[in-house]
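Okay, so here's the structure we're looking at.
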Amino acid sequence: QVHPVESGGGLVQPGASLRLSCAASGDTLGHYALGWFRQVPMRKREAISCISTRDGDSDSDTYYEDSVKGRFTISRDNAKNMVYLDMLNLKPEDTGVYFCAASRLSGIVVIADWGYDFWGQGTQVTVSS
């Protein structure tokens, strides 16, 4: 098992940048596909960016929701048991609670939330002027 813990959220103005971090205790993150999900009130939790157990060097190893393509980058550091979400040029519509999740499925990018086995508590990102 892994226990993800997110950090790095906050209140920022439009156009700003943030880096979300997810630290995991327990098992080695390298064994898990990982994802960042966003939850906003009255809407279903959605996958923002996901990465397979591979290094993420190929486009097939990552997924980005259309609205964040070119602005967000997911990366993983298995040696540090960390996964990151670098968010550039933030927009008000990026506001929400961001969750880090780990899936036992290996070798593929997991986009569906039901494919994930372990979830963090979330970190709030608010983009507002």
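Chain labels follow the order of the structure tokens: the first chain is A, the next B, and so on; residue numbering restarts at 1 in every chain, and ligands are counted from 1 in their shown order.
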
Requested in this report: Write out as a ChimeraX atom specification each polymer residue whose atoms come within 12 Å of segment 60-72 of chain A, counting only C-alpha atoms; drop sequence neighbours fewer than 5 positions from it.
Outcome: /A:15-20,33-38,46-55,84-94,106-112

Report task. Write out as a count of residues only each polymer residue whose atoms come within 7 Å of Gln13 of chain A, counting only C-alpha atoms; drop sequence neighbours fewer than 3 positions from it. Result -> 4

Query raised in the report: Just how far from atom CA of Arg76 of chain A is atom CA of Gly30 of chain A, in Å to one decimal?
Result: 8.5 Å

Query raised in the report: Hey, which of A:Pro4, A:Gly96, A:Asp77, A:Val83 ends up closest to Ser21 of chain A? Count only C-alpha atoms.
Result: A:Val83

Query raised in the report: Where does DSSP see helix (DSSP H, G or I) in segment 68-122 of chain A, if you list the residues as a PyMOL selection string?
Result: chain A and resi 68+92-94+113-115

Query raised in the report: If we count only C-alpha atoms, what is near Cys22 of chain A at a cut-off of 12 Å, once residues fewer than 4 positions away on the same chain are taken out, given as a PyMOL selection string?
Result: chain A and resi 2-9+29+34-36+74-78+80-86+98-102+119-123

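Going from atom CA of Ser103 of chain A to atom CA of His31 of chain A covers 8.6 Å.
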
Query - d(atom CA of Ala23 of chain A, atom CA of Phe118 of chain A) in Å - result: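 We find that atom CA of Ala23 of chain A and atom CA of Phe118 of chain A lie 12.5 Å from each other.
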
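The shortest atom-to-atom distance to Val97 of chain A, with only C-alpha atoms taken into account, belongs to A:Val125 out of A:Val125, A:Ala24, A:Val12, A:Met42.
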
Requested in this report: Output as number ranges by chain all residues of segment 18-117 of chain A that backbone DSSP marks as strand (DSSP E or B).
Outcome: A: 18-26, 33-39, 46-51, 62-64, 72-77, 82-87, 96-103
